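*Asks:* What follows is query-v1.cif; its format and atoms are mmCIF, C-alpha atoms and all ligand atoms.
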```
data_my_file
loop_
_atom_site.label_atom_id
_atom_site.label_comp_id
_atom_site.auth_asym_id
_atom_site.auth_seq_id
_atom_site.Cartn_x
_atom_site.Cartn_y
_atom_site.Cartn_z
CA MET F 1 21.40 -7.14 9.97
CA LYS F 2 22.07 -10.79 10.76
CA ASN F 3 24.73 -9.82 13.29
CA ARG F 4 22.97 -7.33 15.51
CA ARG F 5 24.80 -6.49 18.74
CA LYS F 6 27.98 -8.08 17.45
CA HIS F 7 31.08 -6.62 15.81
CA ILE F 8 32.20 -8.15 12.54
CA SER F 9 35.56 -7.43 11.05
CA GLY F 10 36.03 -5.53 7.80
CA GLU F 11 37.93 -8.61 6.63
CA ASP F 12 34.92 -10.90 7.23
CA ILE F 13 32.57 -8.48 5.50
CA SER F 14 34.84 -8.15 2.48
CA VAL F 15 35.21 -11.95 2.20
CA HIS F 16 31.47 -12.43 2.60
CA LEU F 17 30.25 -9.71 0.26
CA GLY F 18 33.23 -9.36 -2.08
CA GLY F 19 35.36 -6.24 -2.59
CA SER F 20 38.33 -4.85 -0.69
CA ARG F 21 38.42 -3.68 2.92
CA ALA F 22 38.72 -0.13 1.61
CA SER F 23 35.48 -0.52 -0.34
CA VAL F 24 33.78 -1.91 2.77
CA TRP F 25 34.75 1.31 4.56
CA LYS F 26 33.38 3.34 1.65
CA TYR F 27 30.03 1.53 1.88
CA ILE F 28 29.91 1.94 5.65
CA MET F 29 30.30 5.69 5.13
CA GLU F 30 27.45 5.65 2.61
CA LEU F 31 25.18 3.74 4.98
CA ARG F 32 25.97 6.26 7.71
CA LYS F 33 24.96 9.05 5.36
CA ASP F 34 21.66 7.23 4.87
CA GLY F 35 21.10 7.33 8.63
CA TYR F 36 22.45 3.95 9.77
CA ARG F 37 24.34 4.08 13.04
CA ILE F 38 27.35 1.83 12.67
CA ASP F 39 29.90 1.47 15.39
CA ALA F 40 33.51 0.97 14.22
CA VAL F 41 36.11 -0.31 16.68
CA PRO F 42 39.73 -0.95 15.67
CA ASN F 43 40.58 -4.69 15.79
CA LEU F 44 36.96 -5.63 16.39
CA GLY F 45 35.20 -4.32 13.30
CA TYR F 46 31.76 -2.91 12.65
CA MET F 47 28.46 -3.23 14.45
CA LEU F 48 25.05 -2.11 13.23
CA VAL F 49 23.61 -0.15 16.16
CA LEU F 50 20.50 1.43 14.67
CA SER F 51 18.69 1.38 11.33
CA PRO F 52 16.97 4.57 10.22
CA ASP F 53 13.20 4.76 9.78
CA VAL F 54 13.47 4.66 5.99
CA LEU F 55 11.68 2.24 3.67
CA PHE F 56 14.73 1.06 1.72
CA GLY F 57 14.03 -1.93 -0.52
CA TYR F 58 16.46 -4.21 1.33
CA GLU F 59 14.86 -3.32 4.66
CA ILE F 60 11.42 -4.29 3.37
CA LYS F 61 12.65 -7.45 1.66
CA ASN F 62 14.28 -8.60 4.90
CA GLY F 63 11.64 -10.98 6.27
CA LEU F 64 9.12 -10.43 3.47
CA ARG F 65 7.11 -13.63 2.95
CA THR F 66 5.82 -13.26 -0.59
CA GLU F 67 6.71 -15.03 -3.82
CA ARG F 68 6.61 -12.16 -6.30
CA ILE F 69 5.09 -8.98 -4.92
CA GLY F 70 7.99 -6.86 -3.65
CA LYS F 71 10.40 -9.75 -4.17
CA VAL F 72 11.09 -8.91 -7.79
CA ASP F 73 12.25 -5.36 -7.15
CA ILE F 74 11.53 -2.41 -4.90
CA HIS F 75 12.37 1.08 -6.17
CA HIS F 76 12.78 3.47 -3.28
CA TYR F 77 12.76 7.26 -3.57
CA LYS F 78 13.35 9.88 -0.92
CA SER F 79 11.05 12.18 -2.87
CA ILE F 80 9.03 11.69 -6.02
CA THR F 81 6.16 13.34 -7.89
CA SER F 82 3.85 10.32 -7.56
CA THR F 83 4.70 6.64 -7.04
CA ASN F 84 1.78 5.79 -9.36
CA ASP F 85 3.27 7.87 -12.18
CA GLU F 86 6.67 6.24 -11.72
CA ALA F 87 5.22 2.70 -11.55
CA TYR F 88 3.18 3.45 -14.69
CA ARG F 89 6.32 4.58 -16.49
CA LEU F 90 8.21 1.47 -15.36
CA ALA F 91 5.34 -0.80 -16.41
CA GLU F 92 5.25 0.81 -19.85
CA ALA F 93 8.98 0.15 -20.10
CA GLY F 94 8.25 -3.54 -19.49
CA GLU F 95 8.91 -4.01 -15.76
CA PRO F 96 7.26 -7.22 -14.55
CA GLU F 97 4.44 -7.93 -12.14
CA GLY F 98 5.47 -7.61 -8.52
CA VAL F 99 7.65 -4.51 -8.86
CA VAL F 100 6.97 -2.00 -6.08
CA VAL F 101 7.67 1.74 -6.11
CA ILE F 102 7.82 3.37 -2.70
CA ALA F 103 8.64 6.92 -1.58
CA GLU F 104 9.21 8.82 1.66
CA THR F 105 7.23 11.75 0.31
CA GLN F 106 5.33 12.74 -2.85
CA ILE F 107 5.33 16.23 -4.31
CA GLY F 108 2.36 15.48 -6.54
CA GLY F 109 0.58 12.62 -4.74
CA LYS F 110 -2.66 11.84 -6.59
CA GLY F 111 -6.13 10.92 -5.42
CA ARG F 112 -8.93 10.01 -7.81
CA LEU F 113 -10.45 12.46 -10.29
CA GLY F 114 -7.58 14.92 -10.13
CA ARG F 115 -7.65 15.23 -6.35
CA LYS F 116 -4.49 15.45 -4.29
CA TRP F 117 -3.00 13.01 -1.81
CA VAL F 118 -1.22 14.73 1.06
CA SER F 119 2.07 12.87 1.60
CA PRO F 120 4.07 14.17 4.59
CA LYS F 121 7.69 13.09 4.66
CA ARG F 122 8.78 9.83 6.32
CA SER F 123 5.59 9.36 8.25
CA GLY F 124 3.27 7.58 5.83
CA ILE F 125 3.49 4.79 3.30
CA TYR F 126 3.20 5.85 -0.34
CA MET F 127 3.60 2.87 -2.62
CA SER F 128 2.50 1.48 -5.97
CA LEU F 129 2.49 -2.10 -7.23
CA ILE F 130 2.76 -3.21 -10.84
CA LEU F 131 0.34 -6.03 -11.69
CA ARG F 132 -0.14 -7.88 -14.95
CA PRO F 133 -3.22 -10.07 -14.45
CA ASP F 134 -4.70 -11.86 -17.42
CA VAL F 135 -8.17 -10.37 -16.98
CA GLU F 136 -10.73 -8.20 -18.69
CA THR F 137 -11.05 -4.57 -17.69
CA ASP F 138 -14.23 -5.18 -15.70
CA ALA F 139 -12.15 -7.14 -13.16
CA VAL F 140 -10.15 -4.07 -12.17
CA PRO F 141 -12.59 -2.72 -9.54
CA THR F 142 -12.48 -6.14 -7.89
CA ILE F 143 -8.69 -5.89 -7.61
CA THR F 144 -9.05 -2.45 -5.99
CA LEU F 145 -11.42 -3.96 -3.47
CA ILE F 146 -9.01 -6.82 -2.77
CA ALA F 147 -6.27 -4.24 -2.16
CA ALA F 148 -8.55 -2.39 0.27
CA LEU F 149 -9.22 -5.68 2.04
CA SER F 150 -5.52 -6.46 2.37
CA VAL F 151 -4.77 -3.03 3.86
CA ALA F 152 -7.69 -3.33 6.31
CA LYS F 153 -6.54 -6.79 7.42
CA ALA F 154 -2.92 -5.65 7.79
CA LEU F 155 -3.93 -2.63 9.89
CA ASN F 156 -6.31 -4.66 12.04
CA ASN F 157 -3.33 -6.67 13.11
CA ILE F 158 -2.14 -3.67 15.11
CA ASP F 159 -3.41 -3.49 18.70
CA GLY F 160 -6.23 -0.99 19.13
CA ILE F 161 -7.04 -0.61 15.43
CA ASP F 162 -10.45 -1.38 13.95
CA ALA F 163 -10.17 -0.48 10.28
CA ARG F 164 -13.13 -0.75 7.91
CA ILE F 165 -13.53 -0.60 4.16
CA LYS F 166 -15.49 2.30 2.81
CA TRP F 167 -16.29 0.88 -0.59
CA PRO F 168 -14.63 1.11 -3.02
CA ASN F 169 -11.21 2.49 -2.16
CA ASP F 170 -11.00 3.99 1.31
CA ILE F 171 -9.96 2.47 4.60
CA MET F 172 -11.47 4.19 7.58
CA ILE F 173 -10.95 4.17 11.32
CA GLY F 174 -14.21 5.42 12.76
CA SER F 175 -15.28 8.24 10.47
CA LYS F 176 -11.74 9.22 9.45
CA LYS F 177 -9.74 8.10 6.45
CA VAL F 178 -6.46 6.31 7.15
CA CYS F 179 -5.77 4.96 3.65
CA GLY F 180 -6.79 5.62 0.06
CA ILE F 181 -6.24 3.47 -2.99
CA LEU F 182 -5.78 4.68 -6.54
CA THR F 183 -5.91 2.10 -9.31
CA GLU F 184 -4.78 3.04 -12.80
CA MET F 185 -4.43 0.79 -15.80
CA LYS F 186 -3.39 0.48 -19.38
CA ALA F 187 -5.64 -1.73 -21.43
CA GLN F 188 -6.48 -2.97 -24.89
CA PRO F 189 -10.18 -2.61 -25.77
CA ASP F 190 -11.07 -5.40 -23.36
CA ARG F 191 -7.90 -6.97 -21.90
CA VAL F 192 -5.77 -5.43 -19.21
CA ASP F 193 -2.19 -4.69 -20.19
CA PHE F 194 -1.08 -3.73 -16.70
CA ILE F 195 -2.47 -2.25 -13.50
CA VAL F 196 -0.80 0.20 -11.15
CA LEU F 197 -2.17 -0.16 -7.66
CA GLY F 198 -1.33 2.85 -5.50
CA MET F 199 -1.78 2.88 -1.75
CA GLY F 200 -1.37 5.78 0.63
CA ILE F 201 -1.44 4.90 4.34
CA ASN F 202 -1.12 7.40 7.20
CA VAL F 203 1.05 5.67 9.79
CA ASN F 204 3.02 8.01 12.06
CA THR F 205 1.61 11.21 10.60
CA SER F 206 0.56 13.86 13.07
CA ARG F 207 -2.98 15.10 12.71
CA GLY F 208 -2.02 18.67 11.95
CA ARG F 209 -0.35 17.60 8.72
CA LEU F 210 -3.46 15.83 7.40
CA PRO F 211 -6.86 17.01 6.17
CA ASP F 212 -9.58 17.18 8.87
CA SER F 213 -11.25 14.12 7.40
CA ALA F 214 -8.11 12.01 7.94
CA THR F 215 -6.40 10.12 10.75
CA SER F 216 -3.26 8.04 11.19
CA ILE F 217 -2.37 4.86 13.05
CA LYS F 218 -0.29 6.83 15.56
CA ASN F 219 -3.12 9.24 16.08
CA VAL F 220 -5.36 6.36 17.15
CA THR F 221 -2.96 4.20 19.16
CA GLY F 222 -0.70 6.96 20.49
CA LYS F 223 2.32 4.90 19.46
CA GLU F 224 4.86 5.06 16.63
CA CYS F 225 4.55 2.09 14.32
CA ASP F 226 7.16 0.29 12.21
CA ARG F 227 6.24 1.34 8.66
CA GLY F 228 8.35 -1.45 7.13
CA ALA F 229 6.44 -4.10 9.07
CA ILE F 230 3.14 -2.67 7.78
CA VAL F 231 4.42 -2.64 4.20
CA ARG F 232 5.42 -6.31 4.50
CA ARG F 233 2.09 -7.28 5.98
CA VAL F 234 0.10 -5.44 3.29
CA LEU F 235 2.14 -7.05 0.50
CA GLU F 236 1.74 -10.50 2.07
CA GLU F 237 -2.01 -10.14 2.60
CA PHE F 238 -2.44 -8.76 -0.90
CA GLU F 239 -0.46 -11.48 -2.67
CA LYS F 240 -2.39 -14.22 -0.89
CA ASP F 241 -5.79 -12.77 -1.83
CA TYR F 242 -4.73 -11.75 -5.34
CA LYS F 243 -3.68 -15.36 -6.02
CA GLU F 244 -7.05 -16.63 -4.81
CA PHE F 245 -8.80 -14.12 -7.06
CA GLN F 246 -6.72 -15.24 -10.04
CA LYS F 247 -7.81 -18.82 -9.42
CA GLY F 248 -11.39 -17.57 -9.73
CA ARG F 249 -12.04 -17.83 -6.01
CA PHE F 250 -13.61 -14.53 -4.99
CA ALA F 251 -16.44 -15.92 -2.84
CA ALA F 252 -14.48 -16.13 0.43
CA LEU F 253 -12.85 -12.73 -0.19
CA ARG F 254 -16.25 -11.19 -0.87
CA LYS F 255 -17.43 -12.48 2.50
CA GLU F 256 -14.45 -10.86 4.21
CA CYS F 257 -15.07 -7.57 2.37
CA LYS F 258 -18.67 -7.60 3.52
CA LYS F 259 -17.65 -8.33 7.09
CA LEU F 260 -15.22 -5.42 7.15
CA SER F 261 -17.51 -3.04 5.25
CA LEU F 262 -18.27 0.29 6.85
CA ILE F 263 -21.31 1.04 4.71
CA LEU F 264 -23.35 -2.15 4.30
CA GLY F 265 -26.76 -1.79 5.87
CA LYS F 266 -26.45 2.00 5.93
CA LYS F 267 -28.04 4.79 3.94
CA VAL F 268 -25.66 6.19 1.38
CA GLU F 269 -25.45 8.73 -1.37
CA ILE F 270 -23.10 7.85 -4.20
CA THR F 271 -21.81 10.14 -6.91
CA GLU F 272 -20.89 8.07 -9.94
CA HIS F 273 -19.70 10.31 -12.78
CA HIS F 274 -22.48 12.94 -12.79
CA ARG F 275 -25.15 10.65 -11.49
CA LYS F 276 -26.32 10.59 -7.87
CA ILE F 277 -27.67 7.39 -6.38
CA LYS F 278 -29.39 7.39 -3.02
CA GLY F 279 -30.48 4.38 -1.02
CA LYS F 280 -29.41 1.64 1.32
CA ALA F 281 -26.16 -0.25 0.65
CA VAL F 282 -27.33 -3.86 0.79
CA ASP F 283 -24.64 -6.01 -0.78
CA ILE F 284 -21.28 -6.34 -2.49
CA ASP F 285 -21.82 -8.64 -5.45
CA GLU F 286 -19.63 -11.32 -7.00
CA LYS F 287 -17.89 -8.70 -9.19
CA GLY F 288 -17.18 -6.41 -6.25
CA ALA F 289 -19.91 -3.93 -7.25
CA LEU F 290 -21.98 -2.23 -4.56
CA VAL F 291 -25.68 -3.06 -4.62
CA VAL F 292 -27.91 -0.19 -3.55
CA LEU F 293 -31.60 -0.49 -2.77
CA GLU F 294 -33.31 2.69 -3.92
CA ARG F 295 -36.41 4.15 -2.29
CA ASP F 296 -38.65 2.94 -5.09
CA GLY F 297 -37.41 -0.63 -4.58
CA THR F 298 -34.98 -0.71 -7.50
CA LEU F 299 -31.70 -2.55 -6.93
CA ARG F 300 -28.82 -0.73 -8.57
CA ARG F 301 -25.28 -1.99 -9.07
CA VAL F 302 -22.57 0.63 -8.77
CA PHE F 303 -18.99 0.01 -9.90
CA SER F 304 -17.22 3.11 -8.65
CA GLY F 305 -17.94 6.49 -7.13
CA ASP F 306 -17.73 8.65 -4.05
CA VAL F 307 -19.78 7.45 -1.15
CA VAL F 308 -21.23 9.68 1.55
CA LEU F 309 -22.93 8.10 4.54
CA CYS F 310 -26.33 9.71 5.20
CA ARG F 311 -27.71 10.29 8.65
C1 LIG N 1 -7.77 8.30 -2.89
O1 LIG N 1 -8.38 9.22 -3.71
O2 LIG N 1 -8.11 8.05 -1.78
C2 LIG N 1 -6.57 7.63 -3.52
C3 LIG N 1 -5.29 7.96 -2.83
C4 LIG N 1 -4.11 7.18 -3.35
C5 LIG N 1 -2.82 7.67 -2.80
C6 LIG N 1 -1.68 6.81 -3.22
S1 LIG N 1 -0.19 7.25 -2.44
C7 LIG N 1 0.72 6.24 -3.46
C8 LIG N 1 0.11 6.37 -4.85
N1 LIG N 1 0.71 7.46 -5.59
C9 LIG N 1 -0.16 8.44 -5.82
O3 LIG N 1 0.11 9.51 -6.43
N2 LIG N 1 -1.37 8.11 -5.31
C10 LIG N 1 -1.34 6.79 -4.71
P1 LIG N 1 -9.75 9.96 -3.35
O4 LIG N 1 -10.79 8.95 -2.98
O5 LIG N 1 -10.01 10.84 -4.52
O6 LIG N 1 -9.44 10.81 -2.07
C11 LIG N 1 -8.73 12.00 -2.14
C12 LIG N 1 -9.19 12.88 -0.97
O7 LIG N 1 -8.74 12.32 0.27
C13 LIG N 1 -8.62 14.28 -1.02
O8 LIG N 1 -9.41 15.13 -1.79
C14 LIG N 1 -8.62 14.68 0.46
O9 LIG N 1 -9.90 15.09 0.86
C15 LIG N 1 -8.37 13.37 1.16
N3 LIG N 1 -6.93 13.18 1.47
C16 LIG N 1 -5.84 13.72 0.88
N4 LIG N 1 -4.72 13.30 1.44
C17 LIG N 1 -5.08 12.45 2.44
C18 LIG N 1 -4.37 11.68 3.38
N5 LIG N 1 -3.04 11.64 3.46
N6 LIG N 1 -5.11 10.91 4.23
C19 LIG N 1 -6.46 10.89 4.20
N7 LIG N 1 -7.18 11.60 3.33
C20 LIG N 1 -6.50 12.37 2.46
#
```
What does this structure look like when you write it as structure tokens?

*Replies:*
Amino acid sequence: MKNRRKHISGEDISVHLGGSRASVWKYIMELRKDGYRIDAVPNLGYMLVLSPDVLFGYEIKNGLRTERIGKVDIHHYKSITSTNDEAYRLAEAGEPEGVVVIAETQIGGKGRLGRKWVSPKRSGIYMSLILRPDVETDAVPTITLIAALSVAKALNNIDGIDARIKWPNDIMIGSKKVCGILTEMKAQPDRVDFIVLGMGINVNTSRGRLPDSATSIKNVTGKECDRGAIVRRVLEEFEKDYKEFQKGRFAALRKECKKLSLILGKKVEITEHHRKIKGKAVDIDEKGALVVLERDGTLRRVFSGDVVLCR
């Protein structure tokens, strides 16, 4: 990767990375099988011509500016049931904070409340982060909101994209969903043991492969986007904000969430468990809860739920 457009000899590679020249050849063959185009010229050596559009851990780590998130380890799968399930399993086995599980497709991608997440192959980002914050369980919705904020900010970096947060866990472009977040946790009665933060982002997915209520980045901009660059940006944005949150500084983040909110100031109907709450979304409070002003003047705080915008 550091020697693009340049041949390097098998000898140099073997000295640099260890192993024999024969093993270098074996690895080159493996990389080719993975989709890398590598030119091989006798007496000159090898040249990396083209990398495949695959979210291999070493591709993401190359240029990733975080301290822990994604730096510790990235587990990549061509296909998996659900990255959240795998991250949960790894966390239970003791994997540390910062480990990321990422897949090209999910056979059993999960939404909230037993719903499904459609995960077409190689076109979206399906990833889960293991977190081990020293917090009580009531801080978990705030972390979901911070994740939503980091995805919105990362996507807004792309020309032509205006992504908004539909509290608590959706990122929308216009009225269509481009990303969903699924937070799961294991906890003692009040302390969090670990959190698995799952994100599904539609990047280069064509519309026909998504539900009617969904869109993708490519669908909006008309251009293919580098999924690896988006993953890096999301992880960087998230780590920065997550650190602030851990220092007890949520005020500035809350302001950003409010600025990027799709629903503040609008009439909403929220289903929380079996309860329906109707009113105007007026605030996001210091815990990340949505404050709804009901018709009779009551202010109600809501911690999770499905939001529908009313006309
Ligand atoms: C969510 O649930 O939005 C959470 C989605 C989390 C997905 C990630 S992918 C990586 C990680 N591993 C997993 O197994 N899951 C996480 P919810 O708010 O319940 O929304 C689910 C609803 O969104 C579905 O019922 C569909 O209507 C819609 N939907 C399904 N697939 C979609 C997609 N690719 N894009 C947009 N909307 C989708």

*Asks:* Could you name the residues that touch F:Val118 at 8 Å or less, counting all atoms listed in the file, but leaving out those on the same chain fewer than 5 positions away, as a list in words?

*Replies:* Gln106, Gly109, Leu210 and Pro211 of chain F

*Asks:* Quick one: contact table of chain F to ligand LIG 1 (chain N), 9 Å max, nearest atom pair and distance in Å to one decimal per residue, counting all atoms listed in the file, chain and number order, as a tab-separated table?

*Replies:*
```
residue	atom	partner	partner_atom	distance
F:Thr81	CA	N:LIG1	O3	7.3
F:Ser82	CA	N:LIG1	O3	4.0
F:Thr83	CA	N:LIG1	N1	4.3
F:Asn84	CA	N:LIG1	N1	4.3
F:Asp85	CA	N:LIG1	O3	6.8
F:Glu86	CA	N:LIG1	N1	8.6
F:Ala87	CA	N:LIG1	N1	8.9
F:Val101	CA	N:LIG1	C7	8.7
F:Ile102	CA	N:LIG1	C7	7.7
F:Ala103	CA	N:LIG1	C7	8.2
F:Gln106	CA	N:LIG1	O3	7.1
F:Ile107	CA	N:LIG1	O3	8.8
F:Gly108	CA	N:LIG1	O3	6.4
F:Gly109	CA	N:LIG1	O3	3.6
F:Lys110	CA	N:LIG1	O3	3.6
F:Gly111	CA	N:LIG1	O1	3.3
F:Arg112	CA	N:LIG1	O5	3.6
F:Leu113	CA	N:LIG1	O5	6.0
F:Gly114	CA	N:LIG1	O5	7.4
F:Arg115	CA	N:LIG1	O8	4.9
F:Lys116	CA	N:LIG1	C13	5.4
F:Trp117	CA	N:LIG1	N4	3.7
F:Val118	CA	N:LIG1	N4	3.8
F:Ser119	CA	N:LIG1	N5	5.6
F:Pro120	CA	N:LIG1	N5	7.6
F:Gly124	CA	N:LIG1	N5	7.9
F:Ile125	CA	N:LIG1	S1	7.2
F:Tyr126	CA	N:LIG1	C7	4.0
F:Met127	CA	N:LIG1	C7	4.5
F:Ser128	CA	N:LIG1	C8	5.6
F:Pro168	CA	N:LIG1	O4	8.7
F:Asn169	CA	N:LIG1	O2	6.4
F:Asp170	CA	N:LIG1	O2	5.9
F:Ile171	CA	N:LIG1	O2	8.7
F:Lys176	CA	N:LIG1	C19	7.6
F:Lys177	CA	N:LIG1	C19	4.9
F:Val178	CA	N:LIG1	C19	5.4
F:Cys179	CA	N:LIG1	C19	6.0
F:Gly180	CA	N:LIG1	O2	3.3
F:Ile181	CA	N:LIG1	C2	4.2
F:Leu182	CA	N:LIG1	C2	4.3
F:Thr183	CA	N:LIG1	C10	8.0
F:Val196	CA	N:LIG1	C8	8.9
F:Leu197	CA	N:LIG1	C8	7.5
F:Gly198	CA	N:LIG1	C8	3.9
F:Met199	CA	N:LIG1	C6	4.2
F:Gly200	CA	N:LIG1	S1	3.6
F:Ile201	CA	N:LIG1	N5	7.0
F:Asn202	CA	N:LIG1	N5	6.0
F:Thr205	CA	N:LIG1	N5	8.5
F:Arg209	CA	N:LIG1	N5	8.4
F:Leu210	CA	N:LIG1	N5	5.8
F:Pro211	CA	N:LIG1	C20	6.0
F:Asp212	CA	N:LIG1	N7	8.2
F:Ser213	CA	N:LIG1	N7	6.3
F:Ala214	CA	N:LIG1	C19	4.2
F:Thr215	CA	N:LIG1	C19	6.6
F:Ser216	CA	N:LIG1	N6	7.8
F:Gly305	CA	N:LIG1	O4	8.6
F:Asp306	CA	N:LIG1	O4	7.0
```

*Asks:* One decimal, in Å: what's the spacing between atom CA of F:Ile60 and atom CA of F:Leu129?

*Replies:*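 We find that atom CA of F:Ile60 and atom CA of F:Leu129 lie 14.0 Å from each other.
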
*Asks:* Which is closest to F:Pro52 among F:Phe238, F:Trp25, F:Tyr36, F:Phe194, if we use all atoms listed in the file?

*Replies:*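 Of F:Phe238, F:Trp25, F:Tyr36, F:Phe194, the one nearest F:Pro52 is F:Tyr36, counting all atoms listed in the file.
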
*Asks:* When you count only C-alpha atoms, which of these residues is closest to F:Glu224: F:Ser51, F:Gln246, F:Thr144, F:Ser123?

*Replies:*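 So, comparing all the options, the nearest one is F:Ser123.
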
*Asks:* Counting only C-alpha atoms, which residue out of F:Asp241, F:Leu48, F:Glu236, F:Thr298 sits closest to F:Lys2?

*Replies:*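 For F:Lys2, the nearest of the candidates is F:Leu48.
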
*Asks:* What separation in Å, quoted to one decimal, exists between atom CA of F:Glu184 and atom CA of F:Arg233?

*Replies:*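 These atoms are spaced 22.5 Å apart.
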
*Asks:* Rank nothing, just name the residue among F:Leu31, F:Ile263, F:Met185, F:Met172 nearest to F:Val291, using only C-alpha atoms.

*Replies:*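 Distance minimum relative to F:Val291 lands on F:Ile263.
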
*Asks:* To one decimal place in Å, what is the distance between atom CA of F:His273 and atom CA of F:Ala148?

*Replies:*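 One can read the atom CA of F:His273 to atom CA of F:Ala148 distance as 21.4 Å.
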
*Asks:* Using only C-alpha atoms, can you tell me which of F:Val99, F:Val302, F:Ile146, F:Val234 comes closest to F:Ala251?

*Replies:*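 Checking each of F:Val99, F:Val302, F:Ile146, F:Val234 against F:Ala251, counting only C-alpha atoms, the winner is F:Ile146.
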
*Asks:* Which polymer residues have any atom within 8 Å of an atom of F:Gly70, counting all atoms listed in the file, with same-chain residues fewer than 6 positions away left out, as a PyMOL selection string?

*Replies:* chain F and resi 61+98-100+235

*Asks:* Skipping near chain neighbours, those fewer than 3 positions away, what residues fall within 10 Å of stretch 294-297 of chain F using all atoms listed in the file, listed as a count of residues only?

*Replies:* 9

*Asks:* Find the spatial neighbours of F:Arg164, counting only C-alpha atoms, within a cut-off of 8 Å - ignore same-chain residues fewer than 3 positions away - and output them as JSON, numbers by chain.

*Replies:* {"F": [152, 171, 172, 173, 174, 260, 261, 262]}

*Asks:* Could you save the residues just selected, with C-alpha atoms, as an mmCIF file, keeping the file's coordinate frame?

*Replies:*
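After the write, out_14.cif holds the following:
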```
data_model
loop_
_atom_site.group_PDB
_atom_site.id
_atom_site.type_symbol
_atom_site.label_atom_id
_atom_site.label_comp_id
_atom_site.auth_asym_id
_atom_site.auth_seq_id
_atom_site.Cartn_x
_atom_site.Cartn_y
_atom_site.Cartn_z
ATOM 1 C CA ALA F 152 -7.690 -3.330 6.310
ATOM 2 C CA ILE F 171 -9.960 2.470 4.600
ATOM 3 C CA MET F 172 -11.470 4.190 7.580
ATOM 4 C CA ILE F 173 -10.950 4.170 11.320
ATOM 5 C CA GLY F 174 -14.210 5.420 12.760
ATOM 6 C CA LEU F 260 -15.220 -5.420 7.150
ATOM 7 C CA SER F 261 -17.510 -3.040 5.250
ATOM 8 C CA LEU F 262 -18.270 0.290 6.850
#
```

*Asks:* Given all atoms listed in the file as the basis, pick out the residue of F:Ile8, F:Glu67, F:Leu264, F:Leu155 nearest to F:Ala40.

*Replies:*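 For F:Ala40, the nearest of the candidates is F:Ile8.
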
*Asks:* Using the structure just given, write a file holding N, CA, C and O atoms for stretch 81-91 of chain F, as an mmCIF file, in the first residue's frame.

*Replies:*
```
data_model
loop_
_atom_site.group_PDB
_atom_site.id
_atom_site.type_symbol
_atom_site.label_atom_id
_atom_site.label_comp_id
_atom_site.auth_asym_id
_atom_site.auth_seq_id
_atom_site.Cartn_x
_atom_site.Cartn_y
_atom_site.Cartn_z
ATOM 1 N N THR F 81 -24.226 -14.082 10.478
ATOM 2 C CA THR F 81 -25.639 -13.981 10.843
ATOM 3 C C THR F 81 -25.941 -12.528 11.203
ATOM 4 O O THR F 81 -26.779 -11.879 10.587
ATOM 5 N N SER F 82 -25.250 -12.028 12.232
ATOM 6 C CA SER F 82 -25.426 -10.635 12.655
ATOM 7 C C SER F 82 -24.137 -10.183 13.335
ATOM 8 O O SER F 82 -23.619 -10.896 14.197
ATOM 9 N N THR F 83 -23.625 -9.025 12.943
ATOM 10 C CA THR F 83 -22.381 -8.543 13.582
ATOM 11 C C THR F 83 -22.628 -8.271 15.067
ATOM 12 O O THR F 83 -21.725 -8.410 15.884
ATOM 13 N N ASN F 84 -23.862 -7.884 15.434
ATOM 14 C CA ASN F 84 -24.154 -7.654 16.853
ATOM 15 C C ASN F 84 -24.030 -8.958 17.646
ATOM 16 O O ASN F 84 -23.464 -8.971 18.737
ATOM 17 N N ASP F 85 -24.560 -10.041 17.094
ATOM 18 C CA ASP F 85 -24.482 -11.329 17.796
ATOM 19 C C ASP F 85 -23.025 -11.746 17.983
ATOM 20 O O ASP F 85 -22.631 -12.227 19.043
ATOM 21 N N GLU F 86 -22.228 -11.558 16.934
ATOM 22 C CA GLU F 86 -20.819 -11.965 17.011
ATOM 23 C C GLU F 86 -20.065 -11.079 18.013
ATOM 24 O O GLU F 86 -19.280 -11.571 18.822
ATOM 25 N N ALA F 87 -20.312 -9.775 17.970
ATOM 26 C CA ALA F 87 -19.634 -8.868 18.915
ATOM 27 C C ALA F 87 -20.048 -9.208 20.350
ATOM 28 O O ALA F 87 -19.218 -9.164 21.271
ATOM 29 N N TYR F 88 -21.310 -9.550 20.540
ATOM 30 C CA TYR F 88 -21.807 -9.913 21.879
ATOM 31 C C TYR F 88 -21.072 -11.153 22.388
ATOM 32 O O TYR F 88 -20.633 -11.224 23.527
ATOM 33 N N ARG F 89 -20.920 -12.122 21.483
ATOM 34 C CA ARG F 89 -20.230 -13.362 21.838
ATOM 35 C C ARG F 89 -18.772 -13.056 22.199
ATOM 36 O O ARG F 89 -18.248 -13.540 23.210
ATOM 37 N N LEU F 90 -18.125 -12.223 21.396
ATOM 38 C CA LEU F 90 -16.724 -11.870 21.660
ATOM 39 C C LEU F 90 -16.594 -11.105 22.979
ATOM 40 O O LEU F 90 -15.656 -11.331 23.746
ATOM 41 N N ALA F 91 -17.538 -10.215 23.238
ATOM 42 C CA ALA F 91 -17.489 -9.431 24.483
ATOM 43 C C ALA F 91 -17.659 -10.352 25.689
ATOM 44 O O ALA F 91 -16.961 -10.217 26.703
#
```
